[in-house]
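Participant: My file is work-v8.cif. It has mmCIF, N, CA and C atoms:
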data_final
#
loop_
_atom_site.label_atom_id
_atom_site.label_comp_id
_atom_site.auth_asym_id
_atom_site.auth_seq_id
_atom_site.Cartn_x
_atom_site.Cartn_y
_atom_site.Cartn_z
N MET A 1 -106.07 23.01 41.41
CA MET A 1 -106.35 23.79 42.61
C MET A 1 -106.16 25.27 42.29
N ASN A 2 -107.19 26.07 42.52
CA ASN A 2 -107.04 27.50 42.28
C ASN A 2 -106.45 28.19 43.50
N LYS A 3 -106.16 29.48 43.37
CA LYS A 3 -105.47 30.17 44.47
C LYS A 3 -106.35 30.36 45.70
N HIS A 4 -107.66 30.13 45.59
CA HIS A 4 -108.56 30.28 46.74
C HIS A 4 -108.78 28.97 47.50
N THR A 5 -108.29 27.87 46.96
CA THR A 5 -108.45 26.58 47.63
C THR A 5 -107.31 26.40 48.62
N PRO A 6 -107.62 26.14 49.89
CA PRO A 6 -106.55 25.94 50.86
C PRO A 6 -105.73 24.70 50.53
N THR A 7 -104.45 24.73 50.90
CA THR A 7 -103.58 23.60 50.60
C THR A 7 -104.02 22.34 51.33
N SER A 8 -104.57 22.48 52.51
CA SER A 8 -105.09 21.32 53.24
C SER A 8 -106.57 21.56 53.49
N GLN A 9 -107.40 20.67 52.97
CA GLN A 9 -108.84 20.83 53.13
C GLN A 9 -109.23 20.71 54.61
N VAL A 10 -110.12 21.57 55.05
CA VAL A 10 -110.59 21.56 56.42
C VAL A 10 -112.04 21.11 56.41
N ARG A 11 -112.36 20.13 57.27
CA ARG A 11 -113.73 19.63 57.34
C ARG A 11 -114.61 20.65 58.04
N GLY A 12 -115.91 20.60 57.72
CA GLY A 12 -116.87 21.53 58.33
C GLY A 12 -116.91 21.45 59.84
N ASP A 13 -116.80 20.23 60.41
CA ASP A 13 -116.85 20.12 61.86
C ASP A 13 -115.62 20.73 62.52
N GLN A 14 -114.52 20.85 61.78
CA GLN A 14 -113.34 21.50 62.30
C GLN A 14 -113.50 23.02 62.29
N LEU A 15 -114.33 23.52 61.40
CA LEU A 15 -114.52 24.95 61.27
C LEU A 15 -115.54 25.52 62.25
N ARG A 16 -116.46 24.69 62.74
CA ARG A 16 -117.53 25.20 63.59
C ARG A 16 -117.03 26.00 64.79
N PRO A 17 -116.06 25.49 65.55
CA PRO A 17 -115.58 26.29 66.69
C PRO A 17 -114.98 27.63 66.25
N ALA A 18 -114.23 27.61 65.15
CA ALA A 18 -113.63 28.84 64.65
C ALA A 18 -114.70 29.83 64.21
N VAL A 19 -115.72 29.34 63.54
CA VAL A 19 -116.82 30.20 63.09
C VAL A 19 -117.53 30.82 64.30
N ARG A 20 -117.79 30.01 65.33
CA ARG A 20 -118.45 30.51 66.54
C ARG A 20 -117.60 31.61 67.19
N ILE A 21 -116.30 31.41 67.25
CA ILE A 21 -115.41 32.40 67.85
C ILE A 21 -115.38 33.68 67.01
N LEU A 22 -115.24 33.53 65.72
CA LEU A 22 -115.18 34.71 64.85
C LEU A 22 -116.49 35.49 64.87
N ARG A 23 -117.61 34.79 64.92
CA ARG A 23 -118.90 35.49 65.05
C ARG A 23 -118.98 36.23 66.37
N ALA A 24 -118.49 35.61 67.43
CA ALA A 24 -118.51 36.26 68.74
C ALA A 24 -117.65 37.51 68.73
N LEU A 25 -116.55 37.46 68.04
CA LEU A 25 -115.64 38.61 67.99
C LEU A 25 -116.06 39.67 66.98
N ALA A 26 -117.03 39.35 66.14
CA ALA A 26 -117.44 40.27 65.08
C ALA A 26 -118.25 41.45 65.58
N HIS A 27 -118.78 41.38 66.78
CA HIS A 27 -119.62 42.45 67.30
C HIS A 27 -118.78 43.43 68.13
N PRO A 28 -118.84 44.73 67.82
CA PRO A 28 -118.02 45.71 68.53
C PRO A 28 -118.25 45.73 70.04
N LEU A 29 -119.48 45.52 70.47
CA LEU A 29 -119.76 45.54 71.91
C LEU A 29 -119.08 44.37 72.61
N ARG A 30 -119.05 43.21 71.96
CA ARG A 30 -118.38 42.07 72.58
C ARG A 30 -116.87 42.31 72.66
N LEU A 31 -116.32 42.96 71.66
CA LEU A 31 -114.90 43.33 71.73
C LEU A 31 -114.65 44.29 72.89
N ASN A 32 -115.57 45.22 73.09
CA ASN A 32 -115.44 46.14 74.23
C ASN A 32 -115.57 45.41 75.56
N ILE A 33 -116.45 44.43 75.63
CA ILE A 33 -116.58 43.63 76.85
C ILE A 33 -115.26 42.91 77.13
N ILE A 34 -114.65 42.35 76.10
CA ILE A 34 -113.36 41.69 76.27
C ILE A 34 -112.32 42.69 76.78
N ARG A 35 -112.33 43.89 76.23
CA ARG A 35 -111.38 44.93 76.68
C ARG A 35 -111.59 45.28 78.15
N VAL A 36 -112.85 45.40 78.55
CA VAL A 36 -113.15 45.72 79.95
C VAL A 36 -112.65 44.61 80.87
N ILE A 37 -112.93 43.37 80.51
CA ILE A 37 -112.47 42.25 81.33
C ILE A 37 -110.95 42.25 81.42
N HIS A 38 -110.30 42.43 80.29
CA HIS A 38 -108.83 42.44 80.27
C HIS A 38 -108.27 43.58 81.13
N ALA A 39 -108.86 44.76 81.00
CA ALA A 39 -108.39 45.93 81.77
C ALA A 39 -108.62 45.76 83.26
N ASN A 40 -109.55 44.88 83.62
CA ASN A 40 -109.88 44.63 85.03
C ASN A 40 -109.11 43.40 85.54
N ASN A 41 -107.85 43.31 85.15
CA ASN A 41 -106.99 42.17 85.53
C ASN A 41 -107.53 40.83 85.05
N GLY A 42 -108.23 40.83 83.94
CA GLY A 42 -108.69 39.59 83.32
C GLY A 42 -109.94 38.99 83.91
N SER A 43 -110.63 39.72 84.82
CA SER A 43 -111.83 39.18 85.46
C SER A 43 -112.76 40.32 85.85
N ALA A 44 -114.05 40.15 85.57
CA ALA A 44 -115.04 41.17 85.94
C ALA A 44 -116.41 40.53 86.06
N ASN A 45 -117.26 41.12 86.90
CA ASN A 45 -118.64 40.63 86.97
C ASN A 45 -119.50 41.49 86.05
N VAL A 46 -120.72 41.04 85.82
CA VAL A 46 -121.59 41.72 84.86
C VAL A 46 -121.84 43.17 85.26
N GLY A 47 -121.94 43.44 86.57
CA GLY A 47 -122.15 44.81 87.03
C GLY A 47 -121.01 45.72 86.65
N GLU A 48 -119.79 45.24 86.82
CA GLU A 48 -118.61 46.04 86.45
C GLU A 48 -118.58 46.29 84.95
N ILE A 49 -119.01 45.30 84.20
CA ILE A 49 -118.99 45.42 82.74
C ILE A 49 -120.03 46.42 82.26
N TYR A 50 -121.27 46.27 82.72
CA TYR A 50 -122.31 47.17 82.18
C TYR A 50 -122.11 48.60 82.66
N LEU A 51 -121.56 48.78 83.85
CA LEU A 51 -121.27 50.15 84.30
C LEU A 51 -120.13 50.77 83.49
N ALA A 52 -119.11 50.00 83.20
CA ALA A 52 -117.97 50.51 82.43
C ALA A 52 -118.37 50.89 81.01
N LEU A 53 -119.34 50.17 80.45
CA LEU A 53 -119.74 50.41 79.07
C LEU A 53 -121.01 51.24 78.94
N ASP A 54 -121.62 51.57 80.08
CA ASP A 54 -122.85 52.36 80.10
C ASP A 54 -123.94 51.71 79.23
N ILE A 55 -124.19 50.42 79.52
CA ILE A 55 -125.23 49.67 78.81
C ILE A 55 -126.13 49.01 79.84
N GLU A 56 -127.25 48.49 79.39
CA GLU A 56 -128.16 47.78 80.27
C GLU A 56 -127.55 46.44 80.69
N GLN A 57 -127.88 46.00 81.89
CA GLN A 57 -127.36 44.73 82.38
C GLN A 57 -127.79 43.58 81.48
N SER A 58 -129.02 43.60 81.00
CA SER A 58 -129.51 42.51 80.15
C SER A 58 -128.72 42.43 78.85
N ILE A 59 -128.32 43.57 78.31
CA ILE A 59 -127.53 43.57 77.07
C ILE A 59 -126.15 42.97 77.35
N ALA A 60 -125.54 43.38 78.46
CA ALA A 60 -124.23 42.82 78.83
C ALA A 60 -124.34 41.31 79.00
N SER A 61 -125.39 40.86 79.67
CA SER A 61 -125.57 39.43 79.90
C SER A 61 -125.74 38.65 78.60
N GLN A 62 -126.50 39.21 77.67
CA GLN A 62 -126.71 38.55 76.37
C GLN A 62 -125.38 38.38 75.63
N HIS A 63 -124.58 39.42 75.62
CA HIS A 63 -123.30 39.36 74.92
C HIS A 63 -122.30 38.46 75.64
N LEU A 64 -122.35 38.44 76.96
CA LEU A 64 -121.49 37.54 77.72
C LEU A 64 -121.86 36.08 77.44
N ARG A 65 -123.14 35.81 77.23
CA ARG A 65 -123.56 34.45 76.89
C ARG A 65 -122.93 34.01 75.57
N VAL A 66 -122.90 34.90 74.59
CA VAL A 66 -122.29 34.56 73.30
C VAL A 66 -120.79 34.29 73.48
N LEU A 67 -120.13 35.11 74.28
CA LEU A 67 -118.70 34.91 74.54
C LEU A 67 -118.45 33.60 75.29
N ARG A 68 -119.36 33.26 76.18
CA ARG A 68 -119.26 31.98 76.91
C ARG A 68 -119.44 30.81 75.96
N GLN A 69 -120.45 30.89 75.09
CA GLN A 69 -120.70 29.81 74.13
C GLN A 69 -119.52 29.62 73.17
N ALA A 70 -118.82 30.70 72.87
CA ALA A 70 -117.63 30.62 72.02
C ALA A 70 -116.41 30.20 72.81
N GLU A 71 -116.60 30.02 74.11
CA GLU A 71 -115.54 29.60 75.03
C GLU A 71 -114.39 30.60 75.10
N LEU A 72 -114.73 31.88 74.94
CA LEU A 72 -113.73 32.94 75.08
C LEU A 72 -113.65 33.45 76.50
N VAL A 73 -114.71 33.22 77.27
CA VAL A 73 -114.69 33.58 78.69
C VAL A 73 -115.06 32.37 79.53
N ILE A 74 -114.55 32.37 80.74
CA ILE A 74 -114.80 31.32 81.72
C ILE A 74 -115.51 31.98 82.89
N THR A 75 -116.45 31.28 83.50
CA THR A 75 -117.16 31.86 84.64
C THR A 75 -116.75 31.19 85.94
N ARG A 76 -116.83 31.97 87.01
CA ARG A 76 -116.66 31.43 88.36
C ARG A 76 -117.58 32.20 89.29
N ARG A 77 -118.15 31.51 90.25
CA ARG A 77 -119.06 32.13 91.20
C ARG A 77 -118.30 32.47 92.48
N ASP A 78 -118.53 33.69 92.95
CA ASP A 78 -117.98 34.13 94.24
C ASP A 78 -119.14 34.74 95.03
N ARG A 79 -119.69 33.95 95.91
CA ARG A 79 -120.90 34.28 96.66
C ARG A 79 -122.03 34.60 95.69
N LYS A 80 -122.52 35.83 95.68
CA LYS A 80 -123.67 36.13 94.81
C LYS A 80 -123.28 36.65 93.43
N PHE A 81 -122.00 36.78 93.16
CA PHE A 81 -121.54 37.31 91.88
C PHE A 81 -120.95 36.22 91.01
N ILE A 82 -121.15 36.37 89.71
CA ILE A 82 -120.48 35.52 88.73
C ILE A 82 -119.43 36.38 88.05
N TYR A 83 -118.21 35.90 88.07
CA TYR A 83 -117.10 36.62 87.44
C TYR A 83 -116.76 35.97 86.11
N TYR A 84 -116.49 36.81 85.15
CA TYR A 84 -116.13 36.38 83.81
C TYR A 84 -114.64 36.65 83.61
N SER A 85 -113.92 35.61 83.23
CA SER A 85 -112.49 35.73 82.98
C SER A 85 -112.22 35.35 81.54
N LEU A 86 -111.22 35.98 80.96
CA LEU A 86 -110.85 35.65 79.59
C LEU A 86 -110.09 34.34 79.57
N ASP A 87 -110.39 33.52 78.59
CA ASP A 87 -109.65 32.28 78.38
C ASP A 87 -108.50 32.62 77.43
N TYR A 88 -107.41 33.10 78.01
CA TYR A 88 -106.28 33.57 77.20
C TYR A 88 -105.68 32.46 76.34
N GLU A 89 -105.72 31.23 76.82
CA GLU A 89 -105.20 30.10 76.03
C GLU A 89 -106.04 29.91 74.77
N ARG A 90 -107.34 29.95 74.93
CA ARG A 90 -108.25 29.80 73.78
C ARG A 90 -108.06 30.95 72.79
N ILE A 91 -107.91 32.15 73.31
CA ILE A 91 -107.70 33.32 72.46
C ILE A 91 -106.39 33.18 71.68
N ALA A 92 -105.35 32.69 72.34
CA ALA A 92 -104.05 32.50 71.67
C ALA A 92 -104.15 31.45 70.57
N ARG A 93 -104.87 30.33 70.85
CA ARG A 93 -105.05 29.29 69.83
C ARG A 93 -105.82 29.84 68.63
N THR A 94 -106.84 30.66 68.89
CA THR A 94 -107.62 31.26 67.81
C THR A 94 -106.75 32.18 66.97
N ASN A 95 -105.96 32.98 67.64
CA ASN A 95 -105.05 33.90 66.94
C ASN A 95 -104.08 33.12 66.07
N LYS A 96 -103.56 32.01 66.59
CA LYS A 96 -102.63 31.19 65.83
C LYS A 96 -103.31 30.60 64.59
N ALA A 97 -104.54 30.11 64.75
CA ALA A 97 -105.27 29.53 63.62
C ALA A 97 -105.53 30.57 62.54
N ILE A 98 -105.88 31.78 62.95
CA ILE A 98 -106.11 32.86 61.98
C ILE A 98 -104.82 33.21 61.26
N THR A 99 -103.72 33.22 61.98
CA THR A 99 -102.42 33.51 61.38
C THR A 99 -102.05 32.46 60.34
N VAL A 100 -102.32 31.19 60.65
CA VAL A 100 -102.04 30.11 59.70
C VAL A 100 -102.86 30.30 58.43
N LEU A 101 -104.14 30.61 58.58
CA LEU A 101 -104.99 30.85 57.41
C LEU A 101 -104.49 32.02 56.60
N LYS A 102 -104.11 33.09 57.28
CA LYS A 102 -103.59 34.26 56.59
C LYS A 102 -102.30 33.92 55.84
N ASP A 103 -101.41 33.18 56.48
CA ASP A 103 -100.15 32.80 55.85
C ASP A 103 -100.39 31.91 54.64
N GLU A 104 -101.37 30.96 54.75
CA GLU A 104 -101.71 30.12 53.59
C GLU A 104 -102.20 30.98 52.44
N ARG A 105 -103.01 31.94 52.77
CA ARG A 105 -103.59 32.82 51.75
C ARG A 105 -102.50 33.66 51.09
N MET A 106 -101.55 34.14 51.89
CA MET A 106 -100.50 34.99 51.37
C MET A 106 -99.52 34.20 50.49
N SER A 107 -99.33 32.92 50.80
CA SER A 107 -98.38 32.11 50.03
C SER A 107 -99.03 31.47 48.80
N ALA A 108 -100.35 31.60 48.69
CA ALA A 108 -101.04 30.98 47.54
C ALA A 108 -100.84 31.77 46.28
#
The structure given in the file should be rewritten as structure tokens.
Facilitator:
Amino acid sequence: MNKHTPTSQVRGDQLRPAVRILRALAHPLRLNIIRVIHANNGSANVGEIYLALDIEQSIASQHLRVLRQAELVITRRDRKFIYYSLDYERIARTNKAITVLKDERMSA
């Protein structure tokens, strides 16, 4: 086993959710959307997001879709608005998984 091989092999199907999350977080605009939602007490509608970031509504919606697919945000409908909330539990689990990988790498 070389120093780049993890101590415990991870199957591809176990990595897919992590890859989806990391790809979602890799875009600076999506990170800014997460910051806006967090700053707005953890919940915001698309209008609040695109106004805060000075972007087109369609762009905000496209990036919110990616965050939803990565299960980083949860949606709820309130009359005619859809509110996006951060899934803090999912974010914490992702952070923990990244920390484990980093620790494995550092101890190798």
Participant: Based on the backbone DSSP call, show me all residues of region 35-85 of chain A assigned helix (DSSP H, G or I), as a PyMOL selection string.
Facilitator: chain A and resi 35-39+46-53+57-69
Participant: Skipping near chain neighbours, those fewer than 3 positions away, what residues fall within 10 Å of Tyr50 (chain A) using only C-alpha atoms, listed as a PyMOL selection string?
Facilitator: chain A and resi 33+36+45-47+53-61
Participant: Taking the DSSP assignment computed from this structure's backbone, write out as a ChimeraX atom specification all residues of chain A that belong to strand (DSSP E or B).
Facilitator: /A:43-45,73-78,81-86
Participant: So the first atom is atom C of Ser107 (chain A) and the second is CA of Arg93 (chain A); what is the distance between them in Å, to one decimal place?
Facilitator: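 Going from atom C of Ser107 (chain A) over to CA of Arg93 (chain A), I get 22.0 Å.
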Participant: Taking only C-alpha atoms into account, name the residue in A:Ile74, A:Leu86, A:Leu64, A:Leu29 that is nearest to Asn41 (chain A).
Facilitator: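 The shortest atom-to-atom distance to Asn41 (chain A) comes from A:Leu86.
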Participant: A:Ile34, A:Leu25, A:Leu51, A:Ala39: which is nearest Val73 (chain A), counting only C-alpha atoms?
Facilitator: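 Counting only C-alpha atoms, the residue closest to Val73 (chain A) is A:Ile34.
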Participant: Would you work out the distance separating atom C of Ala44 (chain A) from atom C of Thr75 (chain A), expressed in Å to one decimal?
Facilitator: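 Computed distance, atom C of Ala44 (chain A) to atom C of Thr75 (chain A), equals 9.3 Å.
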Participant: Taking the file as shown, find all residues satisfying the PyMOL selection byres (((chain A and resi 20 and name CA) around 12) and name CA) and write them as a compact mmCIF listing (two decimals) with N, CA and C atoms, in the coordinates of the input.
Facilitator:
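What ended up in part38.txt:
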# COMPACT_ATOMS: atom_id res chain seq x y z
N ASP A 13 -116.80 20.23 60.41
CA ASP A 13 -116.85 20.12 61.86
C ASP A 13 -115.62 20.73 62.52
N GLN A 14 -114.52 20.85 61.78
CA GLN A 14 -113.34 21.50 62.30
C GLN A 14 -113.50 23.02 62.29
N LEU A 15 -114.33 23.52 61.40
CA LEU A 15 -114.52 24.95 61.27
C LEU A 15 -115.54 25.52 62.25
N ARG A 16 -116.46 24.69 62.74
CA ARG A 16 -117.53 25.20 63.59
C ARG A 16 -117.03 26.00 64.79
N PRO A 17 -116.06 25.49 65.55
CA PRO A 17 -115.58 26.29 66.69
C PRO A 17 -114.98 27.63 66.25
N ALA A 18 -114.23 27.61 65.15
CA ALA A 18 -113.63 28.84 64.65
C ALA A 18 -114.70 29.83 64.21
N VAL A 19 -115.72 29.34 63.54
CA VAL A 19 -116.82 30.20 63.09
C VAL A 19 -117.53 30.82 64.30
N ILE A 21 -116.30 31.41 67.25
CA ILE A 21 -115.41 32.40 67.85
C ILE A 21 -115.38 33.68 67.01
N LEU A 22 -115.24 33.53 65.72
CA LEU A 22 -115.18 34.71 64.85
C LEU A 22 -116.49 35.49 64.87
N ARG A 23 -117.61 34.79 64.92
CA ARG A 23 -118.90 35.49 65.05
C ARG A 23 -118.98 36.23 66.37
N ALA A 24 -118.49 35.61 67.43
CA ALA A 24 -118.51 36.26 68.74
C ALA A 24 -117.65 37.51 68.73
N LEU A 25 -116.55 37.46 68.04
CA LEU A 25 -115.64 38.61 67.99
C LEU A 25 -116.06 39.67 66.98
N ALA A 26 -117.03 39.35 66.14
CA ALA A 26 -117.44 40.27 65.08
C ALA A 26 -118.25 41.45 65.58
N VAL A 66 -122.90 34.90 74.59
CA VAL A 66 -122.29 34.56 73.30
C VAL A 66 -120.79 34.29 73.48
N LEU A 67 -120.13 35.11 74.28
CA LEU A 67 -118.70 34.91 74.54
C LEU A 67 -118.45 33.60 75.29
N ARG A 68 -119.36 33.26 76.18
CA ARG A 68 -119.26 31.98 76.91
C ARG A 68 -119.44 30.81 75.96
N GLN A 69 -120.45 30.89 75.09
CA GLN A 69 -120.70 29.81 74.13
C GLN A 69 -119.52 29.62 73.17
N ALA A 70 -118.82 30.70 72.87
CA ALA A 70 -117.63 30.62 72.02
C ALA A 70 -116.41 30.20 72.81
N GLU A 71 -116.60 30.02 74.11
CA GLU A 71 -115.54 29.60 75.03
C GLU A 71 -114.39 30.60 75.10
N LEU A 72 -114.73 31.88 74.94
CA LEU A 72 -113.73 32.94 75.08
C LEU A 72 -113.65 33.45 76.50
N THR A 94 -106.84 30.66 68.89
CA THR A 94 -107.62 31.26 67.81
C THR A 94 -106.75 32.18 66.97
Participant: Report the distance between CA of Met106 (chain A) and CA of Ile91 (chain A) in Å, rounded to one decimal place.
Facilitator: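 About the pair CA of Met106 (chain A) and CA of Ile91 (chain A): they are 22.3 Å apart.
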Participant: Given only C-alpha atoms as the basis, pick out the residue of A:His27, A:Leu101, A:Ser43, A:Ile82 nearest to His63 (chain A).
Facilitator: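 Using only C-alpha atoms, His63 (chain A) sits closest to A:His27.
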